[in-house]
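Visitor: Next comes entry_1.pdb, PDB, C-alpha atoms:
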```
ATOM      1  CA  MET A 169     -12.039  30.342   8.671
ATOM      2  CA  THR A 170     -11.873  27.409  11.045
ATOM      3  CA  THR A 171     -14.535  25.627   9.055
ATOM      4  CA  ILE A 172     -12.702  26.198   5.800
ATOM      5  CA  ALA A 173      -9.442  25.019   7.357
ATOM      6  CA  ALA A 174     -11.143  21.914   8.755
ATOM      7  CA  PHE A 175     -12.703  21.169   5.379
ATOM      8  CA  ALA A 176      -9.353  21.616   3.657
ATOM      9  CA  ALA A 177      -7.760  19.279   6.185
ATOM     10  CA  ALA A 178     -10.483  16.704   5.554
ATOM     11  CA  LEU A 179      -9.817  16.896   1.833
ATOM     12  CA  MET A 180      -6.114  16.376   2.455
ATOM     13  CA  LEU A 181      -6.882  13.299   4.521
ATOM     14  CA  LEU A 182      -9.042  11.909   1.777
ATOM     15  CA  GLY A 183      -6.211  12.348  -0.678
ATOM     16  CA  ALA A 184      -8.179  14.736  -2.861
ATOM     17  CA  PRO A 185      -5.979  17.441  -4.391
ATOM     18  CA  GLY A 186      -8.895  19.689  -5.359
ATOM     19  CA  LYS A 187      -8.874  21.043  -8.900
ATOM     20  CA  VAL A 188      -6.288  19.516 -11.206
ATOM     21  CA  GLU A 189      -6.259  21.691 -14.290
ATOM     22  CA  SER A 190      -3.107  20.178 -15.689
ATOM     23  CA  ILE A 191      -0.615  17.438 -14.995
ATOM     24  CA  LYS A 192       3.060  18.099 -15.482
ATOM     25  CA  ALA A 193       5.555  15.302 -16.019
ATOM     26  CA  THR A 194       8.353  14.329 -18.379
ATOM     27  CA  ASP A 195       8.309  11.761 -21.136
ATOM     28  CA  LEU A 196      10.797   8.926 -20.951
ATOM     29  CA  ASP A 197      13.232  10.909 -23.105
ATOM     30  CA  GLY A 198      13.239  13.648 -20.489
ATOM     31  CA  LYS A 199      11.083  16.181 -22.359
ATOM     32  CA  PRO A 200       8.515  18.102 -20.309
ATOM     33  CA  VAL A 201       4.865  17.255 -20.921
ATOM     34  CA  GLU A 202       1.776  19.115 -19.718
ATOM     35  CA  ILE A 203      -1.664  17.534 -20.003
ATOM     36  CA  GLN A 204      -4.800  19.658 -19.675
ATOM     37  CA  THR A 205      -7.861  18.153 -18.016
ATOM     38  CA  ALA A 206     -10.627  20.688 -18.773
ATOM     39  CA  GLY A 207     -13.580  19.213 -20.652
ATOM     40  CA  LYS A 208     -12.266  15.654 -20.516
ATOM     41  CA  ILE A 209     -12.546  12.694 -18.211
ATOM     42  CA  THR A 210      -8.968  11.921 -17.229
ATOM     43  CA  THR A 211      -7.664   8.786 -15.533
ATOM     44  CA  VAL A 212      -4.317   9.125 -13.778
ATOM     45  CA  ILE A 213      -2.646   5.887 -12.678
ATOM     46  CA  PHE A 214       0.563   5.816 -10.658
ATOM     47  CA  ILE A 215       2.435   2.675 -11.652
ATOM     48  CA  SER A 216       5.715   0.929 -10.964
ATOM     49  CA  THR A 217       8.114  -1.227 -12.931
ATOM     50  CA  GLN A 218       9.087  -3.342  -9.927
ATOM     51  CA  CYS A 219       6.007  -3.578  -7.741
ATOM     52  CA  PRO A 220       4.458  -7.032  -8.182
ATOM     53  CA  ILE A 221       0.996  -5.671  -7.441
ATOM     54  CA  SER A 222       1.326  -2.994 -10.119
ATOM     55  CA  ASN A 223       2.663  -5.585 -12.540
ATOM     56  CA  ASP A 224      -0.260  -7.893 -11.834
ATOM     57  CA  TYR A 225      -2.466  -5.118 -13.199
ATOM     58  CA  ASN A 226      -0.538  -4.597 -16.459
ATOM     59  CA  GLU A 227      -2.968  -6.580 -18.589
ATOM     60  CA  ARG A 228      -5.999  -5.028 -16.900
ATOM     61  CA  MET A 229      -4.576  -1.534 -17.442
ATOM     62  CA  LYS A 230      -4.040  -2.343 -21.117
ATOM     63  CA  SER A 231      -7.648  -3.520 -21.470
ATOM     64  CA  LEU A 232      -9.053  -0.495 -19.648
ATOM     65  CA  TYR A 233      -6.971   1.836 -21.785
ATOM     66  CA  SER A 234      -8.058   0.139 -25.018
ATOM     67  CA  GLU A 235     -11.730   0.241 -24.075
ATOM     68  CA  PHE A 236     -11.995   3.693 -22.556
ATOM     69  CA  SER A 237      -9.512   5.711 -24.605
ATOM     70  CA  GLN A 238     -11.693   4.885 -27.626
ATOM     71  CA  ARG A 239     -14.629   6.342 -25.702
ATOM     72  CA  GLY A 240     -12.852   9.622 -25.072
ATOM     73  CA  VAL A 241     -11.222   9.054 -21.687
ATOM     74  CA  GLN A 242      -7.748  10.558 -21.407
ATOM     75  CA  PHE A 243      -5.211   8.366 -19.593
ATOM     76  CA  VAL A 244      -2.042   9.481 -17.818
ATOM     77  CA  PHE A 245       0.271   6.742 -16.572
ATOM     78  CA  LEU A 246       2.862   8.133 -14.176
ATOM     79  CA  ASN A 247       5.891   6.426 -12.692
ATOM     80  CA  PRO A 248       6.670   8.319  -9.451
ATOM     81  CA  ASN A 249       9.282   6.007  -7.913
ATOM     82  CA  SER A 250      12.679   7.570  -7.293
ATOM     83  CA  THR A 251      14.149   4.077  -7.446
ATOM     84  CA  GLU A 252      12.992   3.461 -11.040
ATOM     85  CA  SER A 253      14.720   5.319 -13.878
ATOM     86  CA  SER A 254      13.168   6.573 -17.098
ATOM     87  CA  ALA A 255      15.202   3.984 -19.009
ATOM     88  CA  GLU A 256      13.836   1.244 -16.774
ATOM     89  CA  ALA A 257      10.291   2.528 -17.269
ATOM     90  CA  ALA A 258      10.796   2.575 -21.044
ATOM     91  CA  GLU A 259      12.120  -0.988 -21.073
ATOM     92  CA  HIS A 260       9.275  -2.116 -18.828
ATOM     93  CA  ALA A 261       6.683  -0.524 -21.153
ATOM     94  CA  ARG A 262       8.273  -2.167 -24.188
ATOM     95  CA  LYS A 263       8.548  -5.568 -22.513
ATOM     96  CA  HIS A 264       4.892  -5.560 -21.479
ATOM     97  CA  GLY A 265       3.622  -4.131 -24.759
ATOM     98  CA  PHE A 266       1.926  -1.104 -23.248
ATOM     99  CA  PRO A 267      -0.243   0.589 -25.881
ATOM    100  CA  PHE A 268      -0.079   3.795 -23.808
ATOM    101  CA  ARG A 269       2.825   6.052 -23.010
ATOM    102  CA  VAL A 270       4.296   6.167 -19.522
ATOM    103  CA  LEU A 271       5.508   9.455 -18.082
ATOM    104  CA  LYS A 272       8.018  10.017 -15.333
ATOM    105  CA  ASP A 273       6.844  11.971 -12.310
ATOM    106  CA  VAL A 274      10.273  13.355 -11.468
ATOM    107  CA  ASN A 275      10.709  14.054  -7.742
ATOM    108  CA  ASN A 276       7.184  12.622  -7.256
ATOM    109  CA  VAL A 277       5.747  16.125  -7.625
ATOM    110  CA  GLU A 278       2.387  14.897  -8.921
ATOM    111  CA  ALA A 279       2.306  11.992  -6.460
ATOM    112  CA  ASP A 280       2.681  14.560  -3.677
ATOM    113  CA  ARG A 281      -0.006  16.812  -5.124
ATOM    114  CA  PHE A 282      -2.438  13.904  -5.558
ATOM    115  CA  GLU A 283      -1.308  12.386  -2.254
ATOM    116  CA  ALA A 284      -0.858   9.121  -4.097
ATOM    117  CA  GLN A 285       0.387   6.515  -1.672
ATOM    118  CA  PHE A 286       0.922   3.265  -3.518
ATOM    119  CA  THR A 287       1.115   1.633  -6.915
ATOM    120  CA  PRO A 288      -1.187   1.119  -8.656
ATOM    121  CA  HIS A 289      -3.144   4.126  -7.325
ATOM    122  CA  VAL A 290      -5.867   5.569  -9.539
ATOM    123  CA  PHE A 291      -7.355   9.076  -9.707
ATOM    124  CA  VAL A 292     -10.238   9.948 -11.998
ATOM    125  CA  ILE A 293     -10.644  13.624 -12.845
ATOM    126  CA  GLY A 294     -13.987  14.846 -14.126
ATOM    127  CA  LYS A 295     -14.607  17.293 -16.974
ATOM    128  CA  ASN A 296     -14.600  20.164 -14.464
ATOM    129  CA  SER A 297     -11.057  19.165 -13.399
ATOM    130  CA  GLU A 298     -12.170  17.925  -9.960
ATOM    131  CA  VAL A 299     -10.977  14.552  -8.691
ATOM    132  CA  VAL A 300     -14.110  12.395  -8.557
ATOM    133  CA  TYR A 301     -12.610   9.014  -7.665
ATOM    134  CA  HIS A 302      -9.411   7.751  -6.136
ATOM    135  CA  GLY A 303      -8.310   4.326  -5.052
ATOM    136  CA  ALA A 304      -7.984   0.914  -6.618
ATOM    137  CA  ILE A 305      -8.579  -0.432 -10.121
ATOM    138  CA  ASP A 306     -10.661  -3.287  -8.739
ATOM    139  CA  ASP A 307     -10.976  -5.363  -5.586
ATOM    140  CA  SER A 308      -8.558  -8.228  -6.231
ATOM    141  CA  ARG A 309      -4.905  -8.626  -7.091
ATOM    142  CA  PRO A 310      -5.570 -12.038  -8.714
ATOM    143  CA  ALA A 311      -7.579 -11.168 -11.831
ATOM    144  CA  ASP A 312      -9.717 -14.295 -11.545
ATOM    145  CA  LYS A 313     -11.050 -13.212  -8.138
ATOM    146  CA  VAL A 314     -12.281  -9.745  -9.066
ATOM    147  CA  THR A 315     -15.820  -9.068  -7.886
ATOM    148  CA  LYS A 316     -15.862  -5.265  -8.091
ATOM    149  CA  THR A 317     -14.518  -3.369 -11.093
ATOM    150  CA  TYR A 318     -14.281   0.047  -9.450
ATOM    151  CA  LEU A 319     -12.469   2.002 -12.164
ATOM    152  CA  LYS A 320     -14.492   0.540 -15.003
ATOM    153  CA  ASP A 321     -17.760   1.303 -13.197
ATOM    154  CA  VAL A 322     -16.666   4.845 -12.371
ATOM    155  CA  LEU A 323     -15.660   5.555 -15.977
ATOM    156  CA  ASN A 324     -18.882   4.115 -17.362
ATOM    157  CA  ALA A 325     -20.919   6.258 -14.989
ATOM    158  CA  ALA A 326     -18.855   9.377 -15.676
ATOM    159  CA  LEU A 327     -19.184   8.934 -19.437
ATOM    160  CA  GLU A 328     -22.953   8.661 -19.071
ATOM    161  CA  ASP A 329     -23.161  11.593 -16.618
ATOM    162  CA  LYS A 330     -24.628   9.263 -13.998
ATOM    163  CA  PRO A 331     -23.883   9.335 -10.241
ATOM    164  CA  LEU A 332     -20.644   7.515  -9.524
ATOM    165  CA  PRO A 333     -21.055   4.147  -7.794
ATOM    166  CA  VAL A 334     -18.018   4.833  -5.586
ATOM    167  CA  THR A 335     -15.694   7.765  -4.964
ATOM    168  CA  GLU A 336     -12.943   6.254  -2.826
ATOM    169  CA  THR A 337     -11.577   2.739  -2.298
ATOM    170  CA  LYS A 338      -8.554   1.191  -0.619
ATOM    171  CA  ALA A 339      -6.312  -1.652  -1.657
ATOM    172  CA  PHE A 340      -2.979  -3.183  -0.808
ATOM    173  CA  GLY A 341      -0.077  -1.957  -2.891
ATOM    174  CA  CYS A 342       3.581  -0.992  -2.844
ATOM    175  CA  THR A 343       4.320   2.300  -1.129
ATOM    176  CA  ILE A 344       5.602   4.921  -3.573
ATOM    177  CA  LYS A 345       9.360   5.336  -3.206
ATOM    178  CA  ARG A 346       9.610   9.091  -2.812
ATOM    179  CA  VAL A 347      12.763  11.189  -3.104
ATOM    180  CA  LYS A 348      14.299  12.042   0.228
ATOM    181  CA  LYS A 349      13.753  15.748   0.798
ATOM    182  CA  SER A 350      15.981  17.774   3.054
ATOM    183  CA  THR A 351      14.069  19.462   5.875
TER
ATOM    184  CA  MET B 777      19.395 -38.092  21.395
ATOM    185  CA  LYS B 778      22.120 -35.493  20.986
ATOM    186  CA  HIS B 779      20.420 -34.285  17.781
ATOM    187  CA  PHE B 780      17.296 -33.267  19.673
ATOM    188  CA  LEU B 781      19.045 -30.574  21.651
ATOM    189  CA  PRO B 782      19.588 -28.076  18.801
ATOM    190  CA  VAL B 783      16.012 -28.701  17.647
ATOM    191  CA  LEU B 784      14.665 -28.024  21.112
ATOM    192  CA  PHE B 785      16.781 -24.891  21.330
ATOM    193  CA  VAL B 786      15.330 -23.542  18.078
ATOM    194  CA  LEU B 787      11.780 -24.279  19.259
ATOM    195  CA  ALA B 788      12.463 -22.600  22.582
ATOM    196  CA  ALA B 789      13.701 -19.506  20.742
ATOM    197  CA  GLY B 790      10.188 -19.250  19.323
ATOM    198  CA  LEU B 791      10.858 -18.976  15.604
ATOM    199  CA  VAL B 792       8.120 -19.129  13.009
ATOM    200  CA  SER B 793       7.493 -22.212  10.908
ATOM    201  CA  ALA B 794       4.916 -22.578   8.143
ATOM    202  CA  ALA B 795       2.676 -24.391  10.615
ATOM    203  CA  ASP B 796       2.830 -21.475  13.069
ATOM    204  CA  LEU B 797       1.601 -19.020  10.491
ATOM    205  CA  LYS B 798      -2.015 -18.383  11.366
ATOM    206  CA  PRO B 799      -4.639 -17.109   8.911
ATOM    207  CA  ILE B 800      -6.260 -13.925  10.178
ATOM    208  CA  ASP B 801      -9.475 -12.188   9.184
ATOM    209  CA  GLU B 802     -11.233  -9.014  10.285
ATOM    210  CA  SER B 803     -12.733 -10.371  13.504
ATOM    211  CA  GLY B 804      -9.602 -12.375  14.286
ATOM    212  CA  TYR B 805      -7.529  -9.204  14.126
ATOM    213  CA  SER B 806      -9.805  -7.362  16.550
ATOM    214  CA  ARG B 807      -9.736 -10.347  18.915
ATOM    215  CA  PHE B 808      -5.962 -10.525  18.720
ATOM    216  CA  VAL B 809      -5.486  -6.826  19.534
ATOM    217  CA  SER B 810      -7.899  -7.198  22.436
ATOM    218  CA  SER B 811      -6.091 -10.293  23.733
ATOM    219  CA  ALA B 812      -2.793  -8.395  23.846
ATOM    220  CA  LYS B 813      -4.100  -5.874  26.396
ATOM    221  CA  GLY B 814      -1.636  -5.503  29.247
ATOM    222  CA  LYS B 815       1.260  -5.460  26.779
ATOM    223  CA  VAL B 816       2.404  -2.853  24.317
ATOM    224  CA  LEU B 817       1.681  -4.323  20.902
ATOM    225  CA  VAL B 818       3.458  -3.578  17.627
ATOM    226  CA  VAL B 819       1.840  -5.010  14.500
ATOM    227  CA  ASN B 820       3.815  -4.886  11.270
ATOM    228  CA  PHE B 821       1.932  -5.409   7.992
ATOM    229  CA  TRP B 822       4.273  -6.643   5.298
ATOM    230  CA  ALA B 823       4.533  -8.910   2.258
ATOM    231  CA  THR B 824       7.210 -11.056   0.704
ATOM    232  CA  TRP B 825       6.817  -9.036  -2.522
ATOM    233  CA  CYS B 826       7.444  -5.761  -0.663
ATOM    234  CA  ALA B 827      11.166  -4.899  -0.733
ATOM    235  CA  PRO B 828      11.043  -2.120   1.899
ATOM    236  CA  CYS B 829       9.138  -4.502   4.193
ATOM    237  CA  ARG B 830      11.837  -7.146   3.923
ATOM    238  CA  LYS B 831      14.493  -4.512   4.469
ATOM    239  CA  GLU B 832      13.040  -3.067   7.669
ATOM    240  CA  MET B 833      11.830  -6.249   9.343
ATOM    241  CA  PRO B 834      15.183  -7.410  10.839
ATOM    242  CA  GLU B 835      15.492  -4.084  12.664
ATOM    243  CA  LEU B 836      11.959  -4.423  13.995
ATOM    244  CA  VAL B 837      12.707  -7.965  15.155
ATOM    245  CA  ALA B 838      15.814  -6.733  16.977
ATOM    246  CA  LEU B 839      13.802  -3.992  18.655
ATOM    247  CA  ALA B 840      11.149  -6.520  19.651
ATOM    248  CA  ALA B 841      13.788  -8.710  21.284
ATOM    249  CA  LYS B 842      15.249  -5.718  23.121
ATOM    250  CA  TYR B 843      11.952  -4.754  24.746
ATOM    251  CA  ARG B 844      10.202  -8.116  25.048
ATOM    252  CA  ALA B 845      11.030  -8.471  28.742
ATOM    253  CA  LYS B 846       9.506  -5.070  29.421
ATOM    254  CA  GLY B 847       6.162  -6.165  28.010
ATOM    255  CA  LEU B 848       6.403  -5.630  24.256
ATOM    256  CA  GLU B 849       4.615  -8.010  21.915
ATOM    257  CA  PHE B 850       5.574  -7.924  18.234
ATOM    258  CA  ALA B 851       3.296  -9.473  15.627
ATOM    259  CA  THR B 852       3.499  -9.670  11.854
ATOM    260  CA  VAL B 853       0.663  -9.873   9.348
ATOM    261  CA  ALA B 854       1.742 -11.006   5.891
ATOM    262  CA  ILE B 855      -0.334  -9.607   3.033
ATOM    263  CA  ASP B 856       0.524 -12.588   0.879
ATOM    264  CA  GLU B 857      -1.697 -15.181  -0.690
ATOM    265  CA  GLU B 858      -2.173 -18.502   1.092
ATOM    266  CA  SER B 859      -0.214 -20.125  -1.744
ATOM    267  CA  ASP B 860       2.843 -18.130  -0.577
ATOM    268  CA  ARG B 861       2.674 -19.520   2.978
ATOM    269  CA  ARG B 862       5.984 -21.365   2.697
ATOM    270  CA  THR B 863       7.847 -18.317   1.327
ATOM    271  CA  VAL B 864       6.428 -16.185   4.140
ATOM    272  CA  ALA B 865       7.480 -18.689   6.810
ATOM    273  CA  GLU B 866      10.945 -19.120   5.297
ATOM    274  CA  PHE B 867      11.582 -15.390   5.428
ATOM    275  CA  LEU B 868      10.323 -15.054   9.008
ATOM    276  CA  ASP B 869      12.413 -18.031  10.042
ATOM    277  CA  LYS B 870      15.499 -16.650   8.281
ATOM    278  CA  ILE B 871      15.356 -13.352  10.152
ATOM    279  CA  LYS B 872      14.353 -15.103  13.396
ATOM    280  CA  ALA B 873      11.042 -13.292  13.700
ATOM    281  CA  PRO B 874       9.142 -14.330  16.796
ATOM    282  CA  PRO B 875       5.530 -15.525  16.794
ATOM    283  CA  PRO B 876       2.729 -14.602  16.588
ATOM    284  CA  ALA B 877       2.809 -14.395  12.821
ATOM    285  CA  PHE B 878      -0.289 -14.164  10.675
ATOM    286  CA  ILE B 879      -1.126 -14.423   6.984
ATOM    287  CA  LYS B 880      -4.078 -12.585   5.479
ATOM    288  CA  ASN B 881      -7.376 -14.355   5.155
ATOM    289  CA  PHE B 882      -9.578 -11.280   4.894
ATOM    290  CA  LYS B 883     -13.038 -11.424   3.455
ATOM    291  CA  ASN B 884     -12.613  -7.898   2.115
ATOM    292  CA  ASP B 885      -9.217  -6.191   1.819
ATOM    293  CA  GLU B 886     -10.700  -2.709   1.800
ATOM    294  CA  LYS B 887     -12.695  -3.256   4.976
ATOM    295  CA  PHE B 888      -9.673  -4.759   6.701
ATOM    296  CA  ILE B 889      -7.489  -1.768   5.766
ATOM    297  CA  SER B 890     -10.074   0.643   7.183
ATOM    298  CA  LEU B 891     -10.506  -1.502  10.292
ATOM    299  CA  VAL B 892      -6.794  -1.316  11.078
ATOM    300  CA  ASP B 893      -6.604   2.436  10.489
ATOM    301  CA  SER B 894      -8.870   4.810   8.607
ATOM    302  CA  ARG B 895      -5.817   6.772   7.423
ATOM    303  CA  TRP B 896      -4.157   3.716   5.891
ATOM    304  CA  SER B 897      -4.283   3.725   2.097
ATOM    305  CA  GLY B 898      -3.153   0.104   1.836
ATOM    306  CA  GLY B 899       0.475   0.855   0.974
ATOM    307  CA  LEU B 900       3.020  -1.491   2.532
ATOM    308  CA  PRO B 901       4.789  -1.606   4.867
ATOM    309  CA  PHE B 902       2.488  -0.300   7.598
ATOM    310  CA  THR B 903       3.076  -0.555  11.339
ATOM    311  CA  VAL B 904       0.703   0.103  14.220
ATOM    312  CA  VAL B 905       1.582   0.515  17.906
ATOM    313  CA  TYR B 906      -1.059  -0.170  20.580
ATOM    314  CA  ASP B 907      -0.677   0.824  24.219
ATOM    315  CA  ARG B 908      -1.270  -1.511  27.166
ATOM    316  CA  ALA B 909      -4.971  -0.648  27.136
ATOM    317  CA  GLY B 910      -5.260  -1.804  23.528
ATOM    318  CA  ARG B 911      -5.613   1.758  22.221
ATOM    319  CA  LYS B 912      -3.888   2.764  19.029
ATOM    320  CA  ALA B 913      -0.927   4.917  20.066
ATOM    321  CA  HIS B 914       0.970   5.466  16.826
ATOM    322  CA  VAL B 915       1.008   4.426  13.168
ATOM    323  CA  PHE B 916       3.918   4.309  10.745
ATOM    324  CA  PRO B 917       2.849   4.432   7.081
ATOM    325  CA  GLY B 918       5.729   3.218   4.915
ATOM    326  CA  GLU B 919       9.106   2.268   6.343
ATOM    327  CA  VAL B 920       9.467   2.705  10.073
ATOM    328  CA  ASN B 921      11.875   5.239  11.462
ATOM    329  CA  VAL B 922      13.351   2.909  14.079
ATOM    330  CA  GLN B 923      14.550   5.724  16.361
ATOM    331  CA  GLU B 924      11.056   7.194  16.325
ATOM    332  CA  LEU B 925       9.498   3.799  17.050
ATOM    333  CA  GLU B 926      11.907   3.227  19.919
ATOM    334  CA  ALA B 927      11.018   6.632  21.375
ATOM    335  CA  VAL B 928       7.312   5.733  21.161
ATOM    336  CA  LEU B 929       7.951   2.373  22.834
ATOM    337  CA  ARG B 930       9.971   3.920  25.669
ATOM    338  CA  LYS B 931       7.071   6.192  26.493
ATOM    339  CA  LEU B 932       4.579   3.355  26.472
ATOM    340  CA  LEU B 933       6.554   0.623  28.247
TER
END
```
Please express what this file holds, its structure, as structure tokens.
Guide:
Amino acid sequence: MTTIAAFAAALMLLGAPGKVESIKATDLDGKPVEIQTAGKITTVIFISTQCPISNDYNERMKSLYSEFSQRGVQFVFLNPNSTESSAEAAEHARKHGFPFRVLKDVNNVEADRFEAQFTPHVFVIGKNSEVVYHGAIDDSRPADKVTKTYLKDVLNAALEDKPLPVTETKAFGCTIKRVKKST
Amino acid sequence: MKHFLPVLFVLAAGLVSAADLKPIDESGYSRFVSSAKGKVLVVNFWATWCAPCRKEMPELVALAAKYRAKGLEFATVAIDEESDRRTVAEFLDKIKAPPPAFIKNFKNDEKFISLVDSRWSGGLPFTVVYDRAGRKAHVFPGEVNVQELEAVLRKLL
């Protein structure tokens, strides 16, 4: 039991939520949405309307979505910040010409489950619904200084059933603004 | 000559100018923490683009001033690009943050984050407290609870 508890604690520290069979959120009109992950490679990205780091990745997220959604990868873009409304997220998506839909993670329920800490924070879920990668999109906020394209490399490997080049990375970002919960 | 007096006063108060902002890399950070042994050290990682960082910093500066005489050293590390040096210095000067103040010059962000604390995801703000022996005593991911920080400092000082 101790071993299992220690292993579970280690997983928590690593930010791995275990099996993620579905993701529940609401669309920007407030309707509930549930996305199943079984049998698909799913990329979940926690994003922000106001975080300059997240915004610096807007164009890269658009490119990744365009390339990999055509190859069968399912994308889920979640806005978990309590300080950013659905209306603000909708306006932000329109202004930046997002080709993907953004969902609201009301009360940061999914951010808590994934232990997402910052924006943009990426989680890749394999076909068996296990989280196989979490961390950064790449290794540089300025796009012209990128040397390692973590997410792209992980998705390419996952699509080809090859070993993943990396399973966890860290990067600077804006802390997710969570709802204040009464204790 | 009269005009020099206010200038000297400001310098004596130890505020941060753009010239005082020192680039810091992985080895420089380790050396700095080691050099602060004998004092309790609080390092606040922040950025000009980080609203919660800007919000909490004045309170941290006030706390630093309150406990400086008891052996507290307060340092800031700005996770801004070198091109933002002036903006960083202007903010630190505006809130009267004391030196030392650093700006990131890391070779590898990910390695630096892990070097500071293995539990740190990279989200800002992030604050670390070291005891007088240079050992990590406490970390604050996200905004600092000032009462909690003060309680930690009282135990260590």
Visitor: Produce a table with one row for each residue of chain B that has an atom at most 10 Å from any atom of chain A, each row naming the nearest atom pair and its distance in Å at one decimal; use only C-alpha atoms; arrange rows by chain and rising residue number; format as CSV.
Guide:
```
residue,atom,partner,partner_atom,distance
B:Trp822,CA,A:Cys342,CA,9.9
B:Ala823,CA,A:Cys342,CA,9.5
B:Trp825,CA,A:Pro220,CA,6.5
B:Cys826,CA,A:Cys342,CA,6.5
B:Ala827,CA,A:Cys342,CA,8.8
B:Pro828,CA,A:Thr343,CA,8.6
B:Cys829,CA,A:Cys342,CA,9.6
B:Ile855,CA,A:Phe340,CA,7.9
B:Glu857,CA,A:Pro310,CA,9.4
B:Asn884,CA,A:Asp307,CA,8.3
B:Asp885,CA,A:Ala339,CA,6.4
B:Glu886,CA,A:Lys338,CA,5.1
B:Lys887,CA,A:Lys338,CA,8.3
B:Phe888,CA,A:Lys338,CA,9.5
B:Ile889,CA,A:Lys338,CA,7.1
B:Ser890,CA,A:Lys338,CA,8.0
B:Ser894,CA,A:Leu181,CA,9.6
B:Arg895,CA,A:Leu181,CA,7.2
B:Trp896,CA,A:Lys338,CA,8.3
B:Ser897,CA,A:Lys338,CA,5.7
B:Gly898,CA,A:Phe340,CA,4.2
B:Gly899,CA,A:Thr343,CA,4.6
B:Leu900,CA,A:Thr343,CA,5.4
B:Pro901,CA,A:Thr343,CA,7.2
B:Phe902,CA,A:Thr343,CA,9.3
B:Pro917,CA,A:Thr343,CA,8.6
B:Gly918,CA,A:Thr343,CA,6.3
B:Glu919,CA,A:Thr343,CA,8.9
```
Visitor: Quick one: which residues end up in the PyMOL selection byres ((chain B and resi 868) around 12) for this structure, as a tab-separated table (two decimals) with C-alpha atoms, keeping the file's coordinate frame?
Guide:
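Result went into selection.tsv, see below:
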```
chain	number	residue	atom	x	y	z
B	790	GLY	CA	10.19	-19.25	19.32
B	791	LEU	CA	10.86	-18.98	15.60
B	792	VAL	CA	8.12	-19.13	13.01
B	793	SER	CA	7.49	-22.21	10.91
B	794	ALA	CA	4.92	-22.58	8.14
B	796	ASP	CA	2.83	-21.48	13.07
B	797	LEU	CA	1.60	-19.02	10.49
B	822	TRP	CA	4.27	-6.64	5.30
B	823	ALA	CA	4.53	-8.91	2.26
B	824	THR	CA	7.21	-11.06	0.70
B	829	CYS	CA	9.14	-4.50	4.19
B	830	ARG	CA	11.84	-7.15	3.92
B	833	MET	CA	11.83	-6.25	9.34
B	834	PRO	CA	15.18	-7.41	10.84
B	836	LEU	CA	11.96	-4.42	14.00
B	837	VAL	CA	12.71	-7.96	15.16
B	851	ALA	CA	3.30	-9.47	15.63
B	852	THR	CA	3.50	-9.67	11.85
B	853	VAL	CA	0.66	-9.87	9.35
B	854	ALA	CA	1.74	-11.01	5.89
B	861	ARG	CA	2.67	-19.52	2.98
B	862	ARG	CA	5.98	-21.36	2.70
B	863	THR	CA	7.85	-18.32	1.33
B	864	VAL	CA	6.43	-16.18	4.14
B	865	ALA	CA	7.48	-18.69	6.81
B	866	GLU	CA	10.94	-19.12	5.30
B	867	PHE	CA	11.58	-15.39	5.43
B	869	ASP	CA	12.41	-18.03	10.04
B	870	LYS	CA	15.50	-16.65	8.28
B	871	ILE	CA	15.36	-13.35	10.15
B	872	LYS	CA	14.35	-15.10	13.40
B	873	ALA	CA	11.04	-13.29	13.70
B	874	PRO	CA	9.14	-14.33	16.80
B	875	PRO	CA	5.53	-15.52	16.79
B	876	PRO	CA	2.73	-14.60	16.59
B	877	ALA	CA	2.81	-14.40	12.82
B	878	PHE	CA	-0.29	-14.16	10.68
B	879	ILE	CA	-1.13	-14.42	6.98
```
Visitor: Once the PyMOL selection byres ((chain A and resi 281) around 12) has been evaluated on this model, what residues remain selected, and can you format them as a list in words?
Guide: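 After applying the PyMOL selection byres ((chain A and resi 281) around 12), what remains is Met180, Gly183, Ala184, Pro185, Gly186, Lys187, Val188, Ser190, Ile191, Lys192, Pro248, Asp273, Asn275, Asn276, Val277, Glu278, Ala279, Asp280, Phe282, Glu283, Ala284, Gln285, Phe291 and Val299 of chain A.
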Visitor: Just the residues within 9 Å of Pro267 of chain A, please, counting only C-alpha atoms, with nothing from its chain fewer than 6 positions along; format it as a ChimeraX atom specification.
Guide: /A:230,233-234,261
Visitor: Which residue, B:Gly910, B:Ala838, B:Val905, B:Lys813, has the smallest gap to Glu924 of chain B when you use all atoms listed in the file?
Guide: B:Val905
Visitor: Tell me, in Å to one decimal, how far atom CA of Val347 of chain A is from atom CA of Ser254 of chain A.
Guide: 14.7 Å
Visitor: Exactly which residues make up the result of the PyMOL selection byres ((chain B and resi 802-805) around 9) on this file, given as a PyMOL selection string?
Guide: chain B and resi 799-801+806-810+881-884+887-888+891-892
Visitor: Would you mind putting N, CA and C atoms back on segment 187-191 of chain A and writing the result as an mmCIF file, in the frame of the given file?
Guide:
```cif
data_model
loop_
_atom_site.group_PDB
_atom_site.id
_atom_site.type_symbol
_atom_site.label_atom_id
_atom_site.label_comp_id
_atom_site.auth_asym_id
_atom_site.auth_seq_id
_atom_site.Cartn_x
_atom_site.Cartn_y
_atom_site.Cartn_z
ATOM 1 N N LYS A 187 -8.871 20.927 -7.433
ATOM 2 C CA LYS A 187 -8.874 21.043 -8.900
ATOM 3 C C LYS A 187 -7.507 20.680 -9.478
ATOM 4 N N VAL A 188 -7.538 19.872 -10.518
ATOM 5 C CA VAL A 188 -6.288 19.516 -11.206
ATOM 6 C C VAL A 188 -6.453 19.959 -12.653
ATOM 7 N N GLU A 189 -6.026 21.165 -12.938
ATOM 8 C CA GLU A 189 -6.259 21.691 -14.290
ATOM 9 C C GLU A 189 -5.250 21.160 -15.301
ATOM 10 N N SER A 190 -4.080 20.797 -14.789
ATOM 11 C CA SER A 190 -3.107 20.178 -15.689
ATOM 12 C C SER A 190 -2.172 19.274 -14.902
ATOM 13 N N ILE A 191 -1.566 18.372 -15.620
ATOM 14 C CA ILE A 191 -0.615 17.438 -14.995
ATOM 15 C C ILE A 191 0.725 17.634 -15.702
#
```
